[in-house]
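Below: final-v9.tsv (TSV, C-alpha atoms)
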chain	number	residue	atom	x	y	z
A	200	MET	CA	20.57	10.55	21.44
A	201	LYS	CA	19.98	11.98	18.00
A	202	ASP	CA	16.32	12.59	17.17
A	203	GLU	CA	16.86	12.94	13.44
A	204	TRP	CA	17.11	10.02	11.05
A	205	PRO	CA	20.26	10.20	8.95
A	206	LEU	CA	20.19	11.74	5.50
A	207	TRP	CA	20.54	9.44	2.48
A	208	GLU	CA	21.42	10.37	-1.08
A	209	VAL	CA	19.36	8.57	-3.69
A	210	PHE	CA	20.52	7.35	-7.11
A	211	ILE	CA	18.10	5.93	-9.65
A	212	ARG	CA	18.86	4.08	-12.86
A	213	GLY	CA	16.21	5.03	-15.36
A	214	GLN	CA	16.78	2.25	-17.91
A	215	HIS	CA	18.90	-0.81	-18.35
A	216	GLY	CA	22.30	0.18	-19.66
A	217	MET	CA	22.15	3.73	-18.30
A	218	SER	CA	24.08	4.74	-15.23
A	219	HIS	CA	22.52	5.63	-11.87
A	220	ARG	CA	21.86	9.34	-11.50
A	221	HIS	CA	21.54	11.35	-8.36
A	222	VAL	CA	17.90	12.36	-7.94
A	223	GLY	CA	17.75	13.81	-4.44
A	224	SER	CA	17.90	12.90	-0.79
A	225	LEU	CA	15.65	11.74	2.03
A	226	HIS	CA	15.67	10.69	5.66
A	227	ALA	CA	15.42	7.10	6.88
A	228	PRO	CA	16.48	5.12	9.95
A	229	ASP	CA	18.33	2.41	7.98
A	230	ALA	CA	19.36	1.38	4.47
A	231	GLU	CA	16.38	-0.91	3.81
A	232	THR	CA	13.92	1.77	4.81
A	233	ALA	CA	15.85	4.30	2.76
A	234	ILE	CA	15.37	2.14	-0.35
A	235	ARG	CA	11.64	1.77	0.35
A	236	ASN	CA	11.34	5.50	0.96
A	237	ALA	CA	13.24	6.21	-2.26
A	238	ARG	CA	10.86	3.92	-4.10
A	239	ASP	CA	7.89	5.88	-2.78
A	240	VAL	CA	9.34	9.37	-3.04
A	241	TYR	CA	11.31	9.15	-6.30
A	242	THR	CA	9.82	6.40	-8.48
A	243	ARG	CA	6.10	7.07	-8.25
A	244	ARG	CA	5.86	7.82	-11.94
A	245	ASN	CA	7.74	4.77	-13.13
A	246	GLU	CA	11.13	6.48	-13.26
A	247	GLY	CA	13.44	3.63	-12.47
A	248	VAL	CA	14.64	0.06	-12.70
A	249	SER	CA	17.22	0.24	-9.90
A	250	ILE	CA	17.80	2.26	-6.73
A	251	TRP	CA	21.02	2.99	-4.85
A	252	VAL	CA	21.08	4.79	-1.53
A	253	VAL	CA	24.13	5.93	0.36
A	254	GLU	CA	24.29	7.67	3.68
A	255	ALA	CA	25.21	11.27	2.94
A	256	ALA	CA	27.81	11.22	5.73
A	257	HIS	CA	29.78	8.63	3.73
A	258	ILE	CA	30.21	10.82	0.69
A	259	SER	CA	33.52	12.65	0.46
A	260	ALA	CA	33.17	15.80	-1.60
A	261	SER	CA	35.61	18.18	-3.16
A	262	SER	CA	35.65	21.62	-1.65
A	263	PRO	CA	34.10	24.47	-3.65
A	264	GLY	CA	37.16	26.53	-2.71
A	265	ASP	CA	39.40	24.13	-4.69
A	266	LYS	CA	37.48	24.75	-7.89
A	267	GLY	CA	40.31	26.73	-9.47
A	268	PRO	CA	43.20	24.32	-8.93
A	269	LEU	CA	41.03	21.27	-9.65
A	270	PHE	CA	39.24	22.26	-12.80
A	271	GLU	CA	40.67	25.35	-14.44
A	272	PRO	CA	43.89	23.81	-15.81
A	273	SER	CA	41.89	21.64	-18.21
A	274	ASN	CA	40.27	24.68	-19.79
A	275	SER	CA	43.38	25.56	-21.74
A	276	LYS	CA	44.00	22.05	-23.06
A	277	VAL	CA	41.70	21.83	-26.04
A	278	TYR	CA	43.64	18.85	-27.38
A	279	ARG	CA	42.08	16.76	-24.66
A	280	HIS	CA	38.68	17.20	-26.26
A	281	PRO	CA	38.11	14.99	-29.28
A	282	THR	CA	36.43	17.82	-31.17
A	283	PHE	CA	38.79	17.66	-34.16
A	284	PHE	CA	37.41	14.43	-35.51
A	285	ASP	CA	34.60	14.18	-38.03
A	286	ILE	CA	32.13	11.63	-36.78
A	287	PRO	CA	30.07	9.96	-39.49
A	288	ASP	CA	26.32	10.38	-39.03
A	289	GLU	CA	25.89	6.60	-39.00
A	290	ALA	CA	27.92	6.39	-35.79
A	291	GLY	CA	25.12	8.12	-33.91
A	292	ALA	CA	25.58	9.82	-30.56
A	293	MET	CA	28.98	9.31	-28.97
B	115	MET	CA	-28.41	-17.66	-3.60
B	116	THR	CA	-27.34	-18.22	-7.19
B	117	ARG	CA	-23.68	-18.41	-8.18
B	118	GLU	CA	-23.91	-14.97	-9.83
B	119	GLU	CA	-25.36	-13.45	-6.66
B	120	ALA	CA	-22.63	-15.00	-4.56
B	121	LEU	CA	-19.98	-13.77	-6.99
B	122	PHE	CA	-21.43	-10.27	-6.78
B	123	GLN	CA	-21.21	-10.37	-2.98
B	124	PHE	CA	-17.67	-11.72	-3.10
B	125	LEU	CA	-16.58	-8.93	-5.46
B	126	LEU	CA	-18.22	-6.30	-3.24
B	127	ARG	CA	-16.22	-7.67	-0.31
B	128	MET	CA	-12.97	-7.44	-2.23
B	129	GLY	CA	-13.72	-3.95	-3.54
B	130	ASP	CA	-15.15	-2.57	-0.31
B	131	ASN	CA	-12.10	-3.71	1.67
B	132	THR	CA	-9.75	-1.79	-0.60
B	133	LEU	CA	-12.13	1.17	-0.93
B	134	VAL	CA	-12.66	1.69	2.78
B	135	LEU	CA	-9.02	1.11	3.69
B	136	GLY	CA	-7.89	3.34	0.83
B	137	GLN	CA	-10.11	6.14	2.10
B	138	ARG	CA	-8.88	5.65	5.66
B	139	VAL	CA	-5.21	5.68	4.64
B	140	SER	CA	-5.73	8.77	2.48
B	141	GLU	CA	-6.81	10.62	5.63
B	142	TRP	CA	-3.09	10.75	6.46
B	143	CYS	CA	-2.27	12.80	3.39
B	144	GLY	CA	-0.50	15.92	4.67
B	145	HIS	CA	-0.56	14.69	8.28
B	146	ALA	CA	1.98	11.84	8.47
B	147	PRO	CA	4.88	12.21	10.92
B	148	VAL	CA	7.52	12.58	8.19
B	149	LEU	CA	7.43	13.48	4.51
B	150	GLU	CA	8.65	10.05	3.39
B	151	GLU	CA	5.83	8.26	5.22
B	152	ASP	CA	3.29	10.78	4.01
B	153	ILE	CA	4.10	10.04	0.38
B	154	ALA	CA	4.29	6.30	1.01
B	155	LEU	CA	0.86	6.26	2.67
B	156	ALA	CA	-0.64	8.29	-0.17
B	157	ASN	CA	0.86	5.82	-2.67
B	158	THR	CA	-0.66	2.92	-0.74
B	159	ALA	CA	-4.04	4.64	-0.64
B	160	LEU	CA	-3.93	5.23	-4.39
B	161	ASP	CA	-2.99	1.60	-5.05
B	162	LEU	CA	-5.97	0.50	-2.96
B	163	ILE	CA	-8.35	2.85	-4.76
B	164	GLY	CA	-7.03	1.54	-8.08
B	165	GLN	CA	-7.75	-2.03	-6.98
B	166	THR	CA	-11.21	-0.90	-5.89
B	167	GLN	CA	-11.99	0.29	-9.40
B	168	MET	CA	-11.17	-3.14	-10.79
B	169	TRP	CA	-13.14	-5.10	-8.19
B	170	LEU	CA	-16.21	-2.87	-8.12
B	171	ASN	CA	-16.40	-2.43	-11.88
B	172	LEU	CA	-16.42	-6.20	-12.20
B	173	ALA	CA	-19.02	-6.40	-9.42
B	174	GLY	CA	-21.24	-3.99	-11.34
B	175	GLU	CA	-20.75	-6.00	-14.51
B	176	VAL	CA	-21.72	-9.24	-12.76
B	177	GLU	CA	-24.73	-7.59	-11.15
B	178	GLY	CA	-25.91	-6.37	-14.57
B	179	LYS	CA	-27.95	-3.43	-13.34
B	180	GLY	CA	-25.84	-0.71	-14.90
B	181	ARG	CA	-23.88	0.20	-11.78
B	182	ASP	CA	-20.17	0.89	-12.18
B	183	ALA	CA	-17.46	1.30	-9.53
B	184	ASP	CA	-18.33	4.97	-8.91
B	185	LYS	CA	-22.02	4.25	-8.38
B	186	LEU	CA	-21.24	1.38	-6.04
B	187	ALA	CA	-18.70	3.42	-4.08
B	188	PHE	CA	-20.63	6.65	-3.73
B	189	LEU	CA	-24.30	5.71	-3.82
B	190	ARG	CA	-24.61	2.85	-1.36
B	191	ASP	CA	-25.37	3.38	2.28
B	192	VAL	CA	-23.51	1.84	5.16
B	193	TRP	CA	-25.52	-1.41	5.46
B	194	ASP	CA	-24.73	-2.29	1.85
B	195	PHE	CA	-20.97	-2.23	2.45
B	196	ARG	CA	-19.25	-5.59	2.69
B	197	ASN	CA	-15.80	-4.72	4.03
B	198	LEU	CA	-14.13	-6.29	7.05
B	199	LEU	CA	-14.61	-4.33	10.26
B	200	LEU	CA	-10.82	-4.05	10.56
B	201	VAL	CA	-10.48	-1.63	7.65
B	202	GLU	CA	-13.17	0.80	8.78
B	203	LEU	CA	-11.64	1.37	12.21
B	204	PRO	CA	-10.29	4.90	12.74
B	205	ASN	CA	-6.61	5.42	12.05
B	206	GLY	CA	-5.54	6.06	15.64
B	207	ASP	CA	-1.87	6.97	15.87
B	208	PHE	CA	0.64	6.22	13.13
B	209	GLY	CA	1.59	2.96	14.81
B	210	ARG	CA	-1.98	1.69	14.83
B	211	THR	CA	-2.41	2.67	11.19
B	212	MET	CA	0.68	0.70	10.22
B	213	MET	CA	-0.33	-2.29	12.34
B	214	ARG	CA	-3.78	-2.34	10.71
B	215	GLN	CA	-2.08	-2.02	7.33
B	216	PHE	CA	0.21	-4.93	8.05
B	217	LEU	CA	-2.57	-7.18	9.35
B	218	PHE	CA	-4.56	-6.43	6.21
B	219	ASP	CA	-1.63	-6.59	3.75
B	220	ALA	CA	-0.61	-9.99	5.08
B	221	TRP	CA	-4.12	-11.36	4.55
B	222	GLN	CA	-4.48	-9.76	1.15
B	223	SER	CA	-1.13	-11.11	-0.04
B	224	VAL	CA	-2.08	-14.66	0.96
B	225	LEU	CA	-5.56	-14.35	-0.57
B	226	LEU	CA	-4.45	-12.78	-3.84
B	227	GLY	CA	-1.83	-15.50	-4.24
B	228	ARG	CA	-4.64	-18.07	-4.22
B	229	LEU	CA	-6.94	-15.99	-6.40
B	230	THR	CA	-4.46	-16.00	-9.27
B	231	ASN	CA	-5.63	-19.59	-9.77
B	232	SER	CA	-9.31	-18.67	-9.70
B	233	ALA	CA	-11.66	-20.52	-12.03
B	234	GLU	CA	-13.08	-17.08	-12.95
B	235	PRO	CA	-10.48	-15.56	-15.30
B	236	ARG	CA	-11.51	-11.96	-14.58
B	237	VAL	CA	-10.86	-12.53	-10.86
B	238	ALA	CA	-7.50	-14.17	-11.59
B	239	GLU	CA	-6.53	-11.23	-13.77
B	240	ILE	CA	-7.26	-8.62	-11.07
B	241	ALA	CA	-5.46	-10.73	-8.47
B	242	GLU	CA	-2.41	-10.93	-10.70
B	243	LYS	CA	-2.31	-7.18	-11.16
B	244	ALA	CA	-3.05	-6.24	-7.54
B	245	GLY	CA	-0.65	-8.90	-6.27
B	246	LYS	CA	2.45	-6.95	-7.28
B	247	GLU	CA	1.26	-3.85	-5.44
B	248	VAL	CA	0.34	-5.84	-2.38
B	249	ALA	CA	3.71	-7.62	-2.32
B	250	TYR	CA	5.26	-4.19	-1.88
B	251	HIS	CA	2.65	-3.07	0.66
B	252	VAL	CA	3.36	-6.03	2.91
B	253	GLU	CA	7.11	-5.52	2.59
B	254	ARG	CA	6.74	-1.90	3.63
B	255	SER	CA	4.22	-2.36	6.43
B	256	SER	CA	6.04	-5.36	7.91
B	257	GLY	CA	9.29	-3.37	7.88
B	258	THR	CA	7.62	-0.54	9.75
B	259	VAL	CA	5.98	-2.89	12.25
B	260	VAL	CA	9.36	-4.48	13.01
B	261	GLY	CA	11.09	-1.09	13.19
B	262	LEU	CA	8.57	0.36	15.62
B	263	GLY	CA	7.88	-2.84	17.59
B	264	ASP	CA	11.57	-3.52	18.13
B	265	GLY	CA	12.28	0.20	18.56
B	266	THR	CA	12.18	2.48	21.55
B	267	GLU	CA	10.25	1.76	24.73
B	268	GLU	CA	7.51	4.13	23.62
B	269	SER	CA	7.20	2.85	20.06
B	270	HIS	CA	7.12	-0.73	21.35
B	271	ALA	CA	4.36	0.09	23.85
B	272	ARG	CA	2.30	1.83	21.16
B	273	MET	CA	2.68	-1.07	18.73
B	274	GLN	CA	1.70	-3.61	21.38
B	275	ALA	CA	-1.35	-1.48	22.24
B	276	ALA	CA	-2.23	-1.30	18.53
B	277	LEU	CA	-1.96	-5.07	18.18
B	278	ASP	CA	-4.08	-5.64	21.32
B	279	TYR	CA	-6.74	-3.31	19.92
B	280	LEU	CA	-6.77	-4.67	16.37
B	281	TRP	CA	-6.27	-8.39	16.88
B	282	PRO	CA	-9.94	-9.12	17.74
B	283	TYR	CA	-10.79	-7.86	14.23
B	284	VAL	CA	-8.50	-10.35	12.46
B	285	GLY	CA	-10.72	-13.40	12.98
B	286	GLU	CA	-13.41	-12.09	10.63
B	287	MET	CA	-11.02	-12.63	7.70
B	288	PHE	CA	-11.24	-16.41	8.16
B	289	ALA	CA	-14.94	-16.86	8.96
B	290	SER	CA	-16.93	-18.55	6.18
B	291	ASP	CA	-20.55	-18.05	5.22
B	292	ALA	CA	-22.82	-19.10	2.34
B	293	VAL	CA	-21.12	-16.72	-0.09
B	294	ASP	CA	-17.69	-18.17	0.66
B	295	GLU	CA	-18.99	-21.73	0.42
B	296	GLU	CA	-20.47	-21.04	-2.99
B	297	MET	CA	-17.25	-19.38	-4.19
B	298	ALA	CA	-15.18	-22.32	-2.95
B	299	ARG	CA	-17.53	-24.83	-4.63
B	300	ALA	CA	-17.19	-22.94	-7.90
B	301	GLY	CA	-13.40	-22.79	-7.56
B	302	ILE	CA	-13.56	-18.99	-7.78
B	303	ALA	CA	-12.11	-18.22	-4.35
B	304	PRO	CA	-10.56	-20.32	-1.57
B	305	ASP	CA	-12.37	-21.18	1.64
B	306	PRO	CA	-11.30	-18.34	4.00
B	307	ALA	CA	-10.45	-20.77	6.81
B	308	GLY	CA	-7.84	-22.36	4.52
B	309	LEU	CA	-5.80	-19.14	4.50
B	310	ARG	CA	-5.28	-19.11	8.23
B	311	GLU	CA	-2.18	-21.29	8.43
B	312	GLU	CA	-0.21	-19.27	5.89
B	313	TYR	CA	-1.40	-16.03	7.47
B	314	ASP	CA	-0.43	-17.08	10.97
B	315	ALA	CA	3.02	-18.13	9.78
B	316	LEU	CA	3.65	-14.78	8.07
B	317	VAL	CA	2.18	-12.64	10.83
B	318	GLY	CA	3.82	-14.72	13.57
B	319	ARG	CA	7.24	-14.35	11.97
B	320	VAL	CA	6.96	-10.55	11.59
B	321	LEU	CA	5.43	-9.93	15.01
B	322	GLY	CA	8.08	-12.16	16.57
B	323	GLU	CA	10.78	-10.09	14.93
B	324	ALA	CA	8.96	-7.00	16.17
B	325	THR	CA	9.11	-8.41	19.72
B	326	LEU	CA	5.30	-8.12	19.99
B	327	SER	CA	2.97	-10.69	21.54
B	328	ILE	CA	-0.26	-11.80	19.91
B	329	PRO	CA	-3.12	-11.51	22.43
B	330	GLU	CA	-4.62	-14.77	23.64
B	331	GLY	CA	-8.20	-15.87	23.15
B	332	GLY	CA	-10.21	-16.70	20.07
B	333	PHE	CA	-12.92	-14.05	20.32
B	334	PHE	CA	-13.42	-11.88	17.26
B	335	HIS	CA	-15.79	-9.16	16.11
B	336	LYS	CA	-17.83	-9.83	13.00
B	337	GLY	CA	-20.58	-8.24	10.96
B	338	GLY	CA	-18.59	-6.33	8.35
B	339	LYS	CA	-18.31	-8.71	5.42
B	340	ASP	CA	-22.02	-9.56	5.54
B	341	GLY	CA	-23.02	-5.99	6.41
B	342	ALA	CA	-25.00	-7.17	9.43
B	343	ARG	CA	-23.27	-4.96	11.99
B	344	HIS	CA	-20.73	-2.40	10.91
B	345	THR	CA	-19.04	-0.30	13.56
B	346	GLU	CA	-20.32	3.21	14.18
B	347	HIS	CA	-17.24	4.51	12.38
B	348	LEU	CA	-18.10	3.49	8.83
B	349	GLY	CA	-21.12	5.77	8.52
B	350	HIS	CA	-19.09	8.80	9.54
B	351	MET	CA	-16.41	7.93	7.04
B	352	LEU	CA	-18.95	7.54	4.23
B	353	THR	CA	-20.50	10.89	5.09
B	354	GLU	CA	-17.24	12.52	4.18
B	355	MET	CA	-16.35	10.25	1.28
B	356	GLN	CA	-19.74	10.42	-0.40
B	357	TRP	CA	-20.59	14.04	0.36
B	358	LEU	CA	-19.84	15.46	-3.06
B	359	GLN	CA	-21.86	12.90	-5.04
B	360	ARG	CA	-24.73	13.18	-2.59
B	361	ALA	CA	-24.82	16.99	-2.71
B	362	TYR	CA	-24.14	17.29	-6.44
B	363	PRO	CA	-25.46	14.09	-8.06
B	364	GLY	CA	-23.55	13.14	-11.19
B	365	ALA	CA	-20.84	15.76	-10.66
B	366	SER	CA	-17.63	14.94	-12.52
B	367	TRP	CA	-14.45	16.60	-13.73
What would you get if you wrote out this structure as structure tokens?
Amino acid sequence: MKDEWPLWEVFIRGQHGMSHRHVGSLHAPDAETAIRNARDVYTRRNEGVSIWVVEAAHISASSPGDKGPLFEPSNSKVYRHPTFFDIPDEAGAM
Amino acid sequence: MTREEALFQFLLRMGDNTLVLGQRVSEWCGHAPVLEEDIALANTALDLIGQTQMWLNLAGEVEGKGRDADKLAFLRDVWDFRNLLLVELPNGDFGRTMMRQFLFDAWQSVLLGRLTNSAEPRVAEIAEKAGKEVAYHVERSSGTVVGLGDGTEESHARMQAALDYLWPYVGEMFASDAVDEEMARAGIAPDPAGLREEYDALVGRVLGEATLSIPEGGFFHKGGKDGARHTEHLGHMLTEMQWLQRAYPGASW
């Protein structure tokens, strides 16, 4: 039998309309407890309006060794970045 | 006893319950079995101390002798405290702490729900504010009681032992005296006995899910809410809690 509770990754949405952001991780025996623990560990100072938790074991991650093939090709393709447009001030942040 | 005197006593009871339990729970800070529970217990303790400030400040206002929450908390001796015996009991193991928390949270959630309709608007206002915190407290403590009760053989045995130890302190919550009768007459607070049904339903459901059995027999300890006979534990707790104000009167930061 495992003595350790599983690890959960915690995502908090700070405001309505924003997306959930990864804030950290914690241990908990089940999903409900993980949400309560996240509430106590990560929202003590009124940080959030919504909490997601996901068991860390269920996250598939890219391998750091694949960094070159995955990401470098886009470096040389400046035309993919919309930096050639003048954005009027009134449009605000894009 | 005038209505004002009864109201003062009632407010001391509310404030002393949260003060004494808040102090007890804060004793876990840095000692809980896991980091997540440590932070959660500290949050609960801080919520309870926050509620204490509201209740005891109002008590001081009603008394009209210039005492605020700090004076009432730090400069009264043990026989002037009006908390339930349940909340002054030592923490025991983590399971007993969570069982005590649940038994108290359940009662507080039922009581605060009624107090939001109090004829005294200042009481209704505090109940409204504290109610949201307590709704979370009871969710958390009931979850832990179910998790540990319906857990391993050892956690189940510890939770059953905690319930057996604490249950005889539950009855005091529902015993009425002259203060309660006056509060009920004035429409300020409900008759404590009237909370029992809702409490039993909530506690019965959670303890059932936790596979724990409520001990039989109607005996209960009393003497906390009227200050007549506190346990030996409260004085020791106050010694630590009040030490700084006693040694350095008026100290602040």
With all atoms listed in the file counted and 10 Å as the cut-off, give the residues of stretch 168-245 of chain B in contact with stretch 147-158 of chain B, each with its shortest interatomic distance in Å and the pair that gives it, as CSV.
residue,atom,partner,partner_atom,distance
B:Asp207,CA,B:Pro147,CA,9.9
B:Phe208,CA,B:Pro147,CA,7.7
B:Thr211,CA,B:Leu155,CA,9.8
B:Met212,CA,B:Leu155,CA,9.4
B:Gln215,CA,B:Thr158,CA,9.6
So that I have them on file, write out the residues from the current selection with C-alpha atoms, as a PDB file, in the frame of the given file.
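Written out: again14.pdb:
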ATOM      1  CA  ASP B 207      -1.870   6.970  15.870  1.00  0.00           C
ATOM      2  CA  PHE B 208       0.640   6.220  13.130  1.00  0.00           C
ATOM      3  CA  THR B 211      -2.410   2.670  11.190  1.00  0.00           C
ATOM      4  CA  MET B 212       0.680   0.700  10.220  1.00  0.00           C
ATOM      5  CA  GLN B 215      -2.080  -2.020   7.330  1.00  0.00           C
TER       6      GLN B 215
END
Give me the residues near A:Ala230 as a PyMOL selection string, where near means some atom within 8 Å (using all atoms listed in the file) and where sequence neighbours in that chain fewer than 4 positions away do not count. chain A and resi 234+252-253
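Distance check against B:Leu189 using only C-alpha atoms: of B:Met128, B:Gly308, B:Ser366, B:Trp357, the minimum falls on B:Trp357.
Remark: for A:Ile250, the closest of the candidate residues A:Thr282, A:Ser273, A:Asn236, A:Ser262 is A:Asn236 (distances computed over only C-alpha atoms).
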Give me the residues within 12 Å of B:Gly318 as a ChimeraX atom specification, counting all atoms listed in the file and dropping any in the same chain fewer than 2 places off. /B:216-217,220,256,260,310-316,320-329
Using only C-alpha atoms, can you tell me which of A:Arg244, A:His257, A:His219, A:Lys276 comes closest to chain B?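 Answer, going by the shortest atom-to-atom distance: A:Arg244.
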Please find the residues of chain A near chain B - the criterion being any atom within 12 Å, counting all atoms listed in the file - and write them as a list in words.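 Here is what falls inside 12 Å: Met200, Asp202, Glu203, Trp204, Leu206, Trp207, Ser224, Leu225, His226, Ala227, Pro228, Asp229, Ala230, Glu231, Thr232, Ala233, Ile234, Arg235, Asn236, Ala237, Arg238, Asp239, Val240, Tyr241, Thr242, Arg243 and Arg244 of chain A.
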